[in-house]
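structure_25.cif (mmCIF, C-alpha atoms)
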```cif
data_upload
#
loop_
_atom_site.group_PDB
_atom_site.id
_atom_site.type_symbol
_atom_site.label_atom_id
_atom_site.label_comp_id
_atom_site.auth_asym_id
_atom_site.auth_seq_id
_atom_site.Cartn_x
_atom_site.Cartn_y
_atom_site.Cartn_z
ATOM 1 C CA MET O 1 0.000 0.000 0.000
ATOM 2 C CA PHE O 2 1.293 3.508 -0.904
ATOM 3 C CA SER O 3 1.842 5.784 2.061
ATOM 4 C CA SER O 4 1.856 9.568 1.940
ATOM 5 C CA ASN O 5 4.216 9.658 4.922
ATOM 6 C CA PRO O 6 7.873 10.235 4.085
ATOM 7 C CA THR O 7 10.389 7.491 4.722
ATOM 8 C CA PRO O 8 11.326 7.492 8.379
ATOM 9 C CA GLN O 9 14.706 9.064 9.016
ATOM 10 C CA PRO O 10 17.201 8.120 11.676
ATOM 11 C CA HIS O 11 16.909 10.270 14.816
ATOM 12 C CA GLY O 12 18.581 13.658 14.221
ATOM 13 C CA ALA O 13 18.975 13.076 10.477
ATOM 14 C CA LEU O 14 18.381 16.000 8.152
ATOM 15 C CA ARG O 15 17.702 16.028 4.445
ATOM 16 C CA VAL O 16 19.225 18.627 2.142
ATOM 17 C CA ALA O 17 16.391 21.157 2.410
ATOM 18 C CA GLU O 18 16.176 20.771 6.184
ATOM 19 C CA LEU O 19 19.884 21.301 6.659
ATOM 20 C CA ALA O 20 19.831 24.261 4.280
ATOM 21 C CA GLY O 21 16.968 25.863 6.198
ATOM 22 C CA ARG O 22 18.637 25.431 9.570
ATOM 23 C CA ALA O 23 21.967 26.737 8.256
ATOM 24 C CA SER O 24 20.346 29.655 6.359
ATOM 25 C CA VAL O 25 21.848 28.622 3.030
ATOM 26 C CA THR O 26 20.321 27.272 -0.161
ATOM 27 C CA PRO O 27 19.916 23.569 -0.877
ATOM 28 C CA ALA O 28 22.258 24.117 -3.834
ATOM 29 C CA THR O 29 24.942 25.263 -1.375
ATOM 30 C CA ILE O 30 24.532 22.072 0.658
ATOM 31 C CA ARG O 31 24.741 19.925 -2.482
ATOM 32 C CA TYR O 32 27.845 21.855 -3.602
ATOM 33 C CA TYR O 33 29.561 21.381 -0.240
ATOM 34 C CA ALA O 34 28.774 17.652 -0.415
ATOM 35 C CA ARG O 35 30.002 17.404 -4.026
ATOM 36 C CA ILE O 36 33.381 19.014 -3.233
ATOM 37 C CA GLY O 37 33.862 16.990 -0.064
ATOM 38 C CA LEU O 38 33.230 19.566 2.653
ATOM 39 C CA LEU O 39 30.287 17.457 3.816
ATOM 40 C CA SER O 40 30.033 13.671 3.772
ATOM 41 C CA PRO O 41 26.361 12.764 4.082
ATOM 42 C CA ASP O 42 25.098 9.256 4.630
ATOM 43 C CA ARG O 43 22.528 7.818 2.236
ATOM 44 C CA GLU O 44 19.152 6.538 3.300
ATOM 45 C CA VAL O 45 19.020 2.830 2.442
ATOM 46 C CA GLU O 46 15.444 2.833 1.198
ATOM 47 C CA ASN O 47 15.579 5.766 -1.214
ATOM 48 C CA GLY O 48 19.181 6.974 -1.508
ATOM 49 C CA TYR O 49 18.442 10.473 -0.217
ATOM 50 C CA ARG O 50 21.320 12.308 1.395
ATOM 51 C CA CYS O 51 21.067 12.268 5.141
ATOM 52 C CA PHE O 52 22.922 14.885 7.212
ATOM 53 C CA SER O 53 23.518 15.163 10.937
ATOM 54 C CA THR O 54 23.803 17.994 13.436
ATOM 55 C CA VAL O 55 27.578 17.649 13.001
ATOM 56 C CA ASP O 56 27.049 18.631 9.361
ATOM 57 C CA LEU O 57 24.966 21.610 10.496
ATOM 58 C CA HIS O 58 27.849 22.743 12.713
ATOM 59 C CA ARG O 59 30.261 22.238 9.799
ATOM 60 C CA VAL O 60 28.140 24.371 7.437
ATOM 61 C CA GLU O 61 27.978 27.123 10.045
ATOM 62 C CA PHE O 62 31.770 26.896 10.443
ATOM 63 C CA ILE O 63 32.254 27.122 6.659
ATOM 64 C CA ARG O 64 30.057 30.219 6.449
ATOM 65 C CA ARG O 65 31.906 31.923 9.321
ATOM 66 C CA ALA O 66 35.244 31.127 7.690
ATOM 67 C CA GLN O 67 34.024 32.560 4.382
ATOM 68 C CA ARG O 68 32.950 35.773 6.125
ATOM 69 C CA LEU O 69 36.568 36.078 7.293
ATOM 70 C CA GLY O 70 37.667 36.019 3.654
ATOM 71 C CA LEU O 71 38.802 32.401 3.574
ATOM 72 C CA THR O 72 38.360 30.524 0.320
ATOM 73 C CA ILE O 73 36.859 27.075 -0.101
ATOM 74 C CA GLY O 74 40.415 25.810 -0.649
ATOM 75 C CA ASP O 75 41.520 27.372 2.642
ATOM 76 C CA ILE O 76 38.548 25.832 4.423
ATOM 77 C CA LYS O 77 39.318 22.381 3.011
ATOM 78 C CA ILE O 78 42.857 22.643 4.402
ATOM 79 C CA ILE O 79 41.563 23.718 7.815
ATOM 80 C CA LEU O 80 39.011 20.897 7.943
ATOM 81 C CA GLU O 81 41.621 18.329 6.905
ATOM 82 C CA THR O 82 43.934 19.542 9.671
ATOM 83 C CA ALA O 83 41.110 19.259 12.223
ATOM 84 C CA GLU O 84 40.162 15.796 10.948
ATOM 85 C CA HIS O 85 43.725 14.646 11.614
ATOM 86 C CA GLY O 86 43.270 15.649 15.246
ATOM 87 C CA ASP O 87 45.329 18.848 15.069
ATOM 88 C CA VAL O 88 44.039 22.240 16.181
ATOM 89 C CA PRO O 89 44.233 24.481 13.080
ATOM 90 C CA CYS O 90 44.241 27.863 14.859
ATOM 91 C CA ASP O 91 47.818 28.822 13.860
ATOM 92 C CA GLN O 92 47.023 27.769 10.315
ATOM 93 C CA VAL O 93 43.800 29.813 10.373
ATOM 94 C CA LYS O 94 45.621 32.896 11.620
ATOM 95 C CA SER O 95 48.219 32.559 8.854
ATOM 96 C CA LEU O 96 45.578 32.071 6.163
ATOM 97 C CA VAL O 97 43.531 35.053 7.383
ATOM 98 C CA GLU O 98 46.675 37.221 7.409
ATOM 99 C CA GLN O 99 47.361 36.146 3.806
ATOM 100 C CA ARG O 100 43.777 37.001 2.835
ATOM 101 C CA LEU O 101 44.140 40.420 4.505
ATOM 102 C CA VAL O 102 47.209 41.213 2.413
ATOM 103 C CA SER O 103 45.347 40.068 -0.697
ATOM 104 C CA MET O 104 42.330 42.225 0.196
ATOM 105 C CA GLN O 105 44.529 45.260 0.821
ATOM 106 C CA GLU O 106 46.134 44.777 -2.602
ATOM 107 C CA ARG O 107 42.699 44.516 -4.242
ATOM 108 C CA ILE O 108 41.536 47.647 -2.404
ATOM 109 C CA ALA O 109 44.621 49.544 -3.610
ATOM 110 C CA ASP O 110 43.936 48.346 -7.165
ATOM 111 C CA LEU O 111 40.304 49.446 -6.887
ATOM 112 C CA LYS O 112 41.333 52.871 -5.570
ATOM 113 C CA ALA O 113 43.767 53.294 -8.463
ATOM 114 C CA THR O 114 41.040 52.268 -10.902
ATOM 115 C CA GLU O 115 38.615 54.676 -9.233
ATOM 116 C CA SER O 116 41.121 57.492 -9.670
ATOM 117 C CA ARG O 117 41.590 56.669 -13.370
ATOM 118 C CA VAL O 118 37.821 56.515 -13.905
ATOM 119 C CA ILE O 119 37.280 59.878 -12.202
ATOM 120 C CA LYS O 120 40.030 61.460 -14.325
ATOM 121 C CA ALA O 121 38.560 59.981 -17.493
ATOM 122 C CA LEU O 122 35.028 61.133 -16.673
ATOM 123 C CA ASP O 123 36.317 64.625 -15.851
ATOM 124 C CA ALA O 124 38.174 64.736 -19.146
ATOM 125 C CA TRP O 125 35.183 63.442 -21.109
ATOM 126 C CA GLU O 126 33.029 66.168 -19.614
ATOM 127 C CA ASN O 127 34.792 68.712 -21.861
ATOM 128 C CA MET O 128 34.927 66.612 -25.004
ATOM 129 C CA ASP O 129 32.569 66.903 -27.955
ATOM 130 C CA ASP O 130 31.660 63.934 -30.121
ATOM 131 C CA LEU O 131 34.895 62.670 -31.583
ATOM 132 C CA THR O 132 35.709 61.189 -34.922
ATOM 133 C CA PRO O 133 38.026 58.190 -34.642
ATOM 134 C CA LEU O 134 41.499 58.572 -36.127
ATOM 135 C CA ASP O 135 42.929 55.737 -38.195
ATOM 136 C CA GLY O 136 42.987 52.587 -36.087
ATOM 137 C CA GLU O 137 41.109 54.016 -33.107
ATOM 138 C CA LEU O 138 38.293 51.977 -31.669
ATOM 139 C CA CYS O 139 36.957 54.555 -29.219
ATOM 140 C CA PRO O 140 38.511 58.021 -29.124
ATOM 141 C CA LEU O 141 37.298 58.623 -25.573
ATOM 142 C CA ILE O 142 39.332 55.760 -24.193
ATOM 143 C CA GLU O 143 42.346 56.092 -26.442
ATOM 144 C CA ARG O 144 42.798 59.843 -26.278
ATOM 145 C CA VAL O 145 41.999 60.371 -22.620
ATOM 146 C CA SER O 146 44.233 57.516 -21.587
ATOM 147 C CA VAL O 147 47.117 59.016 -23.564
ATOM 148 C CA GLN O 148 46.546 62.595 -22.468
ATOM 149 C CA SER O 149 45.890 61.875 -18.781
ATOM 150 C CA GLY O 150 48.581 59.243 -18.375
ATOM 151 C CA VAL O 151 45.948 56.585 -17.729
ATOM 152 C CA VAL O 152 46.952 53.611 -19.841
ATOM 153 C CA PRO O 153 44.836 50.499 -19.254
ATOM 154 C CA ASN O 154 47.172 48.025 -20.980
ATOM 155 C CA ALA O 155 50.541 47.652 -22.647
ATOM 156 C CA SER O 156 49.158 47.613 -26.190
ATOM 157 C CA LEU O 157 47.803 51.127 -25.719
ATOM 158 C CA GLN O 158 51.181 52.287 -24.480
ATOM 159 C CA GLN O 159 52.706 51.263 -27.800
ATOM 160 C CA THR O 160 49.981 52.813 -29.944
ATOM 161 C CA GLY O 161 49.749 55.776 -27.589
ATOM 162 C CA ARG O 162 52.913 57.407 -28.944
ATOM 163 C CA HIS O 163 51.473 57.449 -32.461
ATOM 164 C CA VAL O 164 48.110 58.782 -31.258
ATOM 165 C CA GLN O 165 49.717 61.320 -28.929
ATOM 166 C CA ALA O 166 51.906 62.706 -31.733
ATOM 167 C CA GLU O 167 48.880 62.986 -34.009
ATOM 168 C CA LEU O 168 46.771 64.535 -31.253
ATOM 169 C CA GLY O 169 49.489 66.974 -30.271
ATOM 170 C CA SER O 170 49.216 68.796 -33.568
ATOM 171 C CA ARG O 171 45.435 68.504 -33.956
ATOM 172 C CA TRP O 172 44.382 69.316 -30.415
ATOM 173 C CA HIS O 173 46.923 71.945 -29.491
ATOM 174 C CA SER O 174 45.432 74.498 -31.865
ATOM 175 C CA SER O 175 41.857 73.895 -30.648
ATOM 176 C CA GLY O 176 42.706 74.372 -26.980
ATOM 177 C CA ARG O 177 41.232 71.004 -25.980
ATOM 178 C CA ARG O 178 44.607 69.606 -25.062
ATOM 179 C CA ALA O 179 44.825 72.016 -22.126
ATOM 180 C CA ALA O 180 41.432 70.821 -20.889
ATOM 181 C CA MET O 181 42.657 67.243 -20.960
ATOM 182 C CA ALA O 182 45.648 67.782 -18.665
#
```

Written as structure tokens, how would this file's structure read?
Amino acid sequence: MFSSNPTPQPHGALRVAELAGRASVTPATIRYYARIGLLSPDREVENGYRCFSTVDLHRVEFIRRAQRLGLTIGDIKIILETAEHGDVPCDQVKSLVEQRLVSMQERIADLKATESRVIKALDAWENMDDLTPLDGELCPLIERVSVQSGVVPNASLQQTGRHVQAELGSRWHSSGRRAAMA
């Protein structure tokens, strides 16, 4: 006879959606963690469903806390492996978090430099009329402002920049726009 009751679970066992709800993550996150080995669920014998425990709930909460500290999934795997071998990973955690801090500070510095270049470009574009591309130019706004303001997004523009700058020097100097670009 068909029963509408779900298959009985072992005491304390959680299915994917239940674990996700308790841990405030999506079921897809739980499946991902299981797929990459951060969680090792049992399987229900009768239907093959993944079956998680309260230990898995604690592990998911640990993973989320570690991620909020800037640790990557790779970092977390290393920490969990250390703990599984019976070692306390606190020194390792401190080292990894310090490495992440340095990485974040570098990214912040890069973002600030990019912000500065964007502000300079927008200021320069404020005084520019519609431009006609010179031979080989894709977008005069990017190519001319980057040359005139010293903002060069990549090495290929540095090489073509000399040609464009020489051509612009004679064309723009007489119109007075060059002074507005500086």

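Near stretch 100-108 of chain O, within a cut-off of 9 Å and counting all atoms listed in the file, sit the residues O:Leu69, O:Gly70, O:Leu71, O:Thr72, O:Ser95, O:Leu96, O:Val97, O:Glu98, O:Asp110, O:Leu111, O:Lys112, O:Ala113, with same-chain residues fewer than 2 positions away left out.
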
Picked residues, the PyMOL selection byres ((chain O and resi 66) around 12), expected as number ranges by chain: O: 59-65, 67-80, 90, 93-94, 96-97, 100

Nearest candidate to O:Ala13 (options O:Asp123, O:Asp135, O:Glu46, O:Asp56; using all atoms listed in the file): O:Asp56

Mind telling me what the PyMOL selection byres ((chain O and resi 133) around 12) catches here, as a VMD selection string? chain O and resid 130 to 132 134 to 144 164 167 to 168

Find the residues around stretch 51-55 of chain O up to 12 Å (all atoms listed in the file counted), leave out those fewer than 4 positions away in its own chain, and share them as a count of residues only. 34

Could you tell me how far atom CA of O:Val145 lies from atom CA of O:Lys120, in Å and to one decimal?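 Atom CA of O:Val145 sits 8.6 Å away from atom CA of O:Lys120.
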
So how far away is atom CA of O:Gln99 from atom CA of O:Val118, in Å?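 Value for the atom CA of O:Val118-atom CA of O:Gln99 distance: 28.6 Å.
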
Atom CA of O:Arg35 to atom CA of O:Asp91, distance in Å rounded to a single decimal: 27.7 Å

Once 4 Å is added on each side, what centre and edge lengths in Å to one decimal does the axis-aligned box around all listed atoms of stretch 41-53 of chain O have, as JSON?
```
{"center_x": 20.9, "center_y": 9.0, "center_z": 4.7, "size_x": 18.9, "size_y": 20.3, "size_z": 20.4}
```
